[in-house]
$ cat target_15.txt   # compact mmCIF, C-alpha atoms and all ligand atoms
# COMPACT_ATOMS: atom_id res chain seq x y z
CA MET K 1 76.83 57.67 107.26
CA GLN K 2 79.99 56.71 109.14
CA ASP K 3 78.32 53.53 110.43
CA ALA K 4 77.42 52.62 106.87
CA ILE K 5 81.01 53.14 105.72
CA THR K 6 82.29 51.00 108.59
CA LYS K 7 79.89 48.26 107.53
CA LEU K 8 80.99 48.62 103.93
CA LEU K 9 84.64 48.20 104.94
CA LYS K 10 83.74 45.04 106.90
CA ASP K 11 81.72 43.67 103.99
CA LEU K 12 84.70 44.25 101.71
CA GLY K 13 86.68 41.96 104.04
CA GLU K 14 88.63 44.76 105.64
CA ASP K 15 89.35 45.49 109.27
CA PRO K 16 87.89 48.96 109.94
CA ALA K 17 89.96 49.15 113.13
CA ARG K 18 93.35 48.96 111.49
CA GLU K 19 95.41 52.12 111.55
CA GLY K 20 95.00 53.20 107.94
CA LEU K 21 91.22 52.81 108.04
CA ARG K 22 90.50 54.14 111.49
CA ASP K 23 89.46 57.61 110.28
CA THR K 24 88.24 56.49 106.88
CA PRO K 25 84.49 56.61 107.67
CA LYS K 26 84.90 60.18 108.89
CA ARG K 27 86.92 61.15 105.81
CA VAL K 28 84.52 59.44 103.42
CA GLU K 29 81.54 61.20 104.96
CA LYS K 30 83.29 64.55 104.65
CA ALA K 31 84.15 63.81 101.02
CA TYR K 32 80.60 62.73 100.15
CA ARG K 33 79.07 65.73 101.90
CA PHE K 34 81.23 67.97 99.72
CA LEU K 35 80.65 65.98 96.52
CA THR K 36 76.89 66.18 97.04
CA SER K 37 76.78 69.74 98.40
CA GLY K 38 74.74 70.77 95.35
CA TYR K 39 71.61 69.42 97.04
CA SER K 40 71.71 72.14 99.68
CA ALA K 41 72.84 74.92 97.34
CA ASP K 42 70.23 77.52 96.50
CA ILE K 43 70.50 78.44 92.83
CA ASP K 44 68.70 81.75 93.42
CA LYS K 45 71.29 82.70 96.00
CA VAL K 46 74.10 81.65 93.68
CA LEU K 47 72.73 83.99 91.01
CA ASN K 48 71.85 86.75 93.42
CA ASN K 49 73.23 90.12 92.25
CA ALA K 50 74.73 88.51 89.18
CA LEU K 51 72.04 89.24 86.61
CA PHE K 52 72.54 92.35 84.52
CA THR K 53 70.40 94.10 81.97
CA VAL K 54 72.33 94.74 78.77
CA ASP K 55 71.88 95.83 75.21
CA TYR K 56 73.85 92.98 73.76
CA SER K 57 72.69 90.09 71.64
CA GLU K 58 75.85 88.33 70.51
CA MET K 59 76.66 84.81 71.60
CA VAL K 60 78.23 84.54 75.06
CA ILE K 61 80.42 81.45 75.46
CA VAL K 62 82.10 79.99 78.51
CA LYS K 63 84.04 76.92 77.49
CA ASP K 64 86.20 74.25 79.11
CA ILE K 65 84.56 74.48 82.53
CA ASP K 66 85.97 71.59 84.57
CA PHE K 67 83.37 69.57 86.40
CA TYR K 68 83.29 66.50 88.63
CA SER K 69 80.16 64.53 89.37
CA LEU K 70 79.09 61.13 90.67
CA CYS K 71 77.14 58.64 88.58
CA GLU K 72 73.99 57.67 90.41
CA HIS K 73 74.19 54.07 89.28
CA HIS K 74 77.59 53.25 90.74
CA LEU K 75 78.53 56.23 92.91
CA LEU K 76 81.70 56.52 90.89
CA PRO K 77 83.01 59.77 89.41
CA PHE K 78 82.44 61.06 85.94
CA PHE K 79 84.25 64.23 85.02
CA GLY K 80 85.27 66.37 82.10
CA LYS K 81 84.53 69.67 80.43
CA CYS K 82 81.34 71.65 80.13
CA HIS K 83 80.75 74.29 77.45
CA VAL K 84 77.96 76.81 77.81
CA ALA K 85 76.67 79.37 75.33
CA TYR K 86 73.70 81.67 75.23
CA ILE K 87 72.39 84.58 73.26
CA PRO K 88 71.00 87.25 75.60
CA SER K 89 67.66 88.86 74.95
CA ASN K 90 68.08 91.59 77.55
CA LYS K 91 69.79 89.96 80.52
CA VAL K 92 73.20 88.37 81.07
CA ILE K 93 74.61 86.32 83.93
CA GLY K 94 77.92 87.35 85.49
CA LEU K 95 80.50 85.15 83.76
CA SER K 96 81.93 83.75 86.98
CA LYS K 97 78.48 82.42 87.88
CA ILE K 98 78.28 79.99 84.98
CA PRO K 99 80.84 77.56 86.51
CA ARG K 100 78.96 77.93 89.81
CA ILE K 101 75.73 76.80 88.15
CA VAL K 102 77.60 73.80 86.73
CA ASP K 103 78.93 72.94 90.22
CA VAL K 104 75.52 73.19 91.88
CA PHE K 105 74.14 70.47 89.60
CA ALA K 106 77.36 68.42 89.25
CA ARG K 107 77.71 68.02 93.01
CA ARG K 108 74.82 65.60 93.21
CA LEU K 109 74.23 62.02 92.17
CA GLN K 110 73.72 62.38 88.45
CA VAL K 111 73.45 60.98 85.00
CA GLN K 112 75.24 63.08 82.41
CA GLU K 113 72.14 63.66 80.30
CA ARG K 114 70.13 65.12 83.19
CA LEU K 115 73.04 67.23 84.40
CA THR K 116 73.36 68.76 80.92
CA ASN K 117 69.62 69.54 80.79
CA GLN K 118 69.49 71.04 84.27
CA ILE K 119 72.25 73.53 83.47
CA ALA K 120 70.58 74.55 80.21
CA ASP K 121 67.11 74.78 81.77
CA THR K 122 68.36 76.93 84.65
CA ILE K 123 69.96 79.46 82.30
CA ARG K 124 66.88 79.45 80.06
CA ASP K 125 64.49 79.99 82.97
CA THR K 126 66.65 82.59 84.71
CA ILE K 127 67.42 85.06 81.92
CA LYS K 128 65.06 83.97 79.12
CA PRO K 129 67.75 84.20 76.44
CA LEU K 130 67.17 83.88 72.69
CA GLY K 131 68.93 80.56 72.92
CA VAL K 132 71.07 78.45 75.22
CA ALA K 133 73.37 75.51 74.51
CA VAL K 134 75.24 73.21 76.84
CA VAL K 135 77.65 70.49 75.77
CA MET K 136 79.34 68.17 78.26
CA GLU K 137 82.19 65.78 77.53
CA ALA K 138 83.02 63.34 80.29
CA THR K 139 84.91 60.20 81.19
CA HIS K 140 82.97 57.75 83.34
CA LEU K 141 85.09 55.78 85.79
CA CYS K 142 82.27 53.27 86.24
CA MET K 143 82.94 52.30 82.65
CA SER K 144 86.70 52.66 82.33
CA MET K 145 87.70 51.25 85.76
CA ARG K 146 85.48 48.22 85.39
CA GLY K 147 86.74 47.51 81.90
CA VAL K 148 83.31 47.73 80.34
CA GLU K 149 84.18 47.45 76.70
CA LYS K 150 80.84 47.36 74.99
CA GLN K 151 80.52 51.13 75.40
CA ASN K 152 83.03 53.90 75.36
CA SER K 153 83.72 55.44 78.75
CA PHE K 154 83.82 58.86 77.07
CA ALA K 155 80.43 60.44 76.51
CA VAL K 156 79.22 63.67 74.96
CA THR K 157 75.80 65.09 75.74
CA SER K 158 74.12 68.28 74.67
CA ALA K 159 71.07 70.39 75.37
CA MET K 160 70.00 73.05 72.88
CA HIS K 161 67.19 75.54 73.26
CA GLY K 162 65.87 78.44 71.20
CA ALA K 163 68.16 79.68 68.44
CA PHE K 164 70.61 76.84 69.00
CA ARG K 165 67.87 74.38 68.22
CA SER K 166 66.16 76.24 65.39
CA SER K 167 69.21 77.57 63.57
CA ALA K 168 71.79 75.11 62.26
CA ARG K 169 74.14 78.00 61.62
CA THR K 170 74.04 79.22 65.22
CA ARG K 171 74.53 75.69 66.46
CA MET K 172 77.49 75.11 64.13
CA GLU K 173 79.06 78.41 65.16
CA PHE K 174 78.96 77.29 68.78
CA LEU K 175 80.24 73.78 68.06
CA GLU K 176 83.02 75.20 65.93
CA LEU K 177 84.04 77.54 68.75
CA ILE K 178 84.24 74.79 71.34
CA LYS K 179 85.94 72.32 69.00
CA LEU K 180 84.88 69.05 70.55
CA ARG K 181 87.39 66.30 71.07
CA SER K 182 84.84 63.83 69.76
CA ALA K 183 82.70 63.72 66.66
CA VAL K 184 80.00 66.37 66.58
CA PRO K 185 77.07 64.86 64.64
CA GLY K 186 74.34 63.11 66.58
CA LEU K 187 75.69 64.30 69.92
CA ARG K 188 72.83 63.03 71.97
CA GLU K 189 72.85 59.66 70.30
CA THR K 190 76.56 58.96 70.71
CA GLY K 191 76.93 59.26 74.39
CA TYR K 192 74.73 57.23 76.66
CA ALA K 193 77.30 56.26 79.22
CA CYS K 194 76.35 54.23 82.23
CA LEU K 195 72.78 53.22 81.52
CA ALA K 196 70.52 52.23 84.37
CA ASP K 197 69.99 48.67 83.22
CA GLU K 198 73.71 48.16 82.90
CA THR K 199 75.20 46.08 85.73
ZN ZN J 1 77.85 54.47 86.49

$ encode --input "target_15.txt" --output "structure tokens" --more "lines below"
Ligand SMILES: [Zn+2]
Amino acid sequence: MQDAITKLLKDLGEDPAREGLRDTPKRVEKAYRFLTSGYSADIDKVLNNALFTVDYSEMVIVKDIDFYSLCEHHLLPFFGKCHVAYIPSNKVIGLSKIPRIVDVFARRLQVQERLTNQIADTIRDTIKPLGVAVVMEATHLCMSMRGVEKQNSFAVTSAMHGAFRSSARTRMEFLELIKLRSAVPGLRETGYACLADET
């Protein structure tokens, strides 16, 4: 990877040997290894000892989880807040593990829509809740830094399963509790940031 970064610096017209850049390939590799550490994370290990059987069926919400990811089209960051809710059937996940699940999938090359689905699917498959909902709000630097004006650099995506899909009231209760910064209706339709065919 360091050779590739050195080549990149040269191709940008830089001198990789100058003082400020001398250790840059090493630093960039270290940064990228961390930012993509989700590939080597084992979700089962993350959740190990954190699943509990309960007699509780009210909505569990963890909101405003900060996340940072990299868009797979430009390798530039997108970041924002993730909100997760589920209604247990008989199992819950330790609350501190929800942000860990978000990190495991955010620390990969991603598109926001897939990231949102992976978090929701993992919770659904792990504890089989009555419903699970994930909403992500993010700013995409590949849009805002490059001055792409035809689309907003701020995108909202959602994934809803079970009761959150079938019951408008449950869904509205969740959306009301997280109070989105952006408009709520048509979540999925509003926010396709950074499409693949976009330059
Ligand atoms: Zn992008």

$ residues_around --input "target_15.txt" --residues "Phe52 (chain K)" --least-positions-apart "2" --cutoff "12 Å" --atoms "only C-alpha atoms" --output "list in words"
Leu47, Asn48, Asn49, Ala50, Val54, Asp55, Tyr56, Pro88, Ser89, Asn90, Lys91, Val92, Ile93, Gly94, Leu95, Thr126 and Ile127 of chain K

$ closest_atom_pairs --input "target_15.txt" --of "chain K" --to "ligand ZN 1 (chain J)" --cutoff "6 Å" --atoms "all atoms listed in the file" --output "tab-separated table"
residue	atom	partner	partner_atom	distance
K:Cys71	CA	J:ZN1	ZN	4.7
K:His73	CA	J:ZN1	ZN	4.6
K:His74	CA	J:ZN1	ZN	4.4
K:Cys142	CA	J:ZN1	ZN	4.6
K:Cys194	CA	J:ZN1	ZN	4.5

$ atom_distance --input "target_15.txt" --atom1 "CA of Thr116 (chain K)" --atom2 "CA of Lys30 (chain K)"
26.1 Å

$ closest_residue --input "target_15.txt" --among "K:Leu75, K:Leu115, K:Val104, K:Val135" --to "Lys45 (chain K)" --atoms "all atoms listed in the file"
K:Val104

$ closest_residue --input "target_15.txt" --among "K:Gly147, K:Gly38, K:Gly131, K:Pro25" --to "Leu8 (chain K)" --atoms "all atoms listed in the file"
K:Pro25

$ atom_distance --input "target_15.txt" --atom1 "CA of Ser158 (chain K)" --atom2 "CA of Ala120 (chain K)"
9.1 Å

$ closest_residue --input "target_15.txt" --among "K:Pro16, K:Gly162, K:Gly80, K:Pro129" --to "Ile65 (chain K)" --atoms "all atoms listed in the file"
K:Gly80

$ closest_residue --input "target_15.txt" --among "K:Tyr86, K:Phe164, K:Tyr32, K:Tyr68" --to "Val102 (chain K)" --atoms "only C-alpha atoms"
K:Tyr68

$ atom_distance --input "target_15.txt" --atom1 "CA of Ile87 (chain K)" --atom2 "CA of Gln112 (chain K)"
23.5 Å

$ closest_residue --input "target_15.txt" --among "K:Gln118, K:Thr24, K:Ser57, K:Ser69" --to "Ala106 (chain K)" --atoms "only C-alpha atoms"
K:Ser69

$ residues_around --input "target_15.txt" --residues "Ile178 (chain K)" --least-positions-apart "4" --cutoff "8 Å" --atoms "only C-alpha atoms" --output "list in words"
Lys63, His83 and Phe174 of chain K

$ write_last_selection --input "target_15.txt" --atoms "C-alpha atoms" --output "short mmCIF file (atom, residue, chain, number, x, y, z; two decimals), keeping the file's coordinate frame"
data_model
loop_
_atom_site.label_atom_id
_atom_site.label_comp_id
_atom_site.auth_asym_id
_atom_site.auth_seq_id
_atom_site.Cartn_x
_atom_site.Cartn_y
_atom_site.Cartn_z
CA LYS K 63 84.04 76.92 77.49
CA HIS K 83 80.75 74.29 77.45
CA PHE K 174 78.96 77.29 68.78
#

$ closest_residue --input "target_15.txt" --among "K:Asn117, K:Thr139, K:Ser153, K:Thr36" --to "Asp103 (chain K)" --atoms "all atoms listed in the file"
K:Thr36

$ closest_atom_pairs --input "target_15.txt" --of "region 45-110 of chain K" --to "region 168-172 of chain K" --cutoff "12 Å" --atoms "all atoms listed in the file" --output "Markdown table"
| residue | atom | partner | partner_atom | distance |
| --- | --- | --- | --- | --- |
| K:Glu58 | CA | K:Thr170 | CA | 10.7 |
| K:Met59 | CA | K:Thr170 | CA | 8.9 |
| K:Val60 | CA | K:Thr170 | CA | 11.9 |
| K:Val84 | CA | K:Arg171 | CA | 11.9 |
| K:Ala85 | CA | K:Arg171 | CA | 9.8 |
| K:Tyr86 | CA | K:Thr170 | CA | 10.3 |
| K:Ile87 | CA | K:Thr170 | CA | 9.8 |
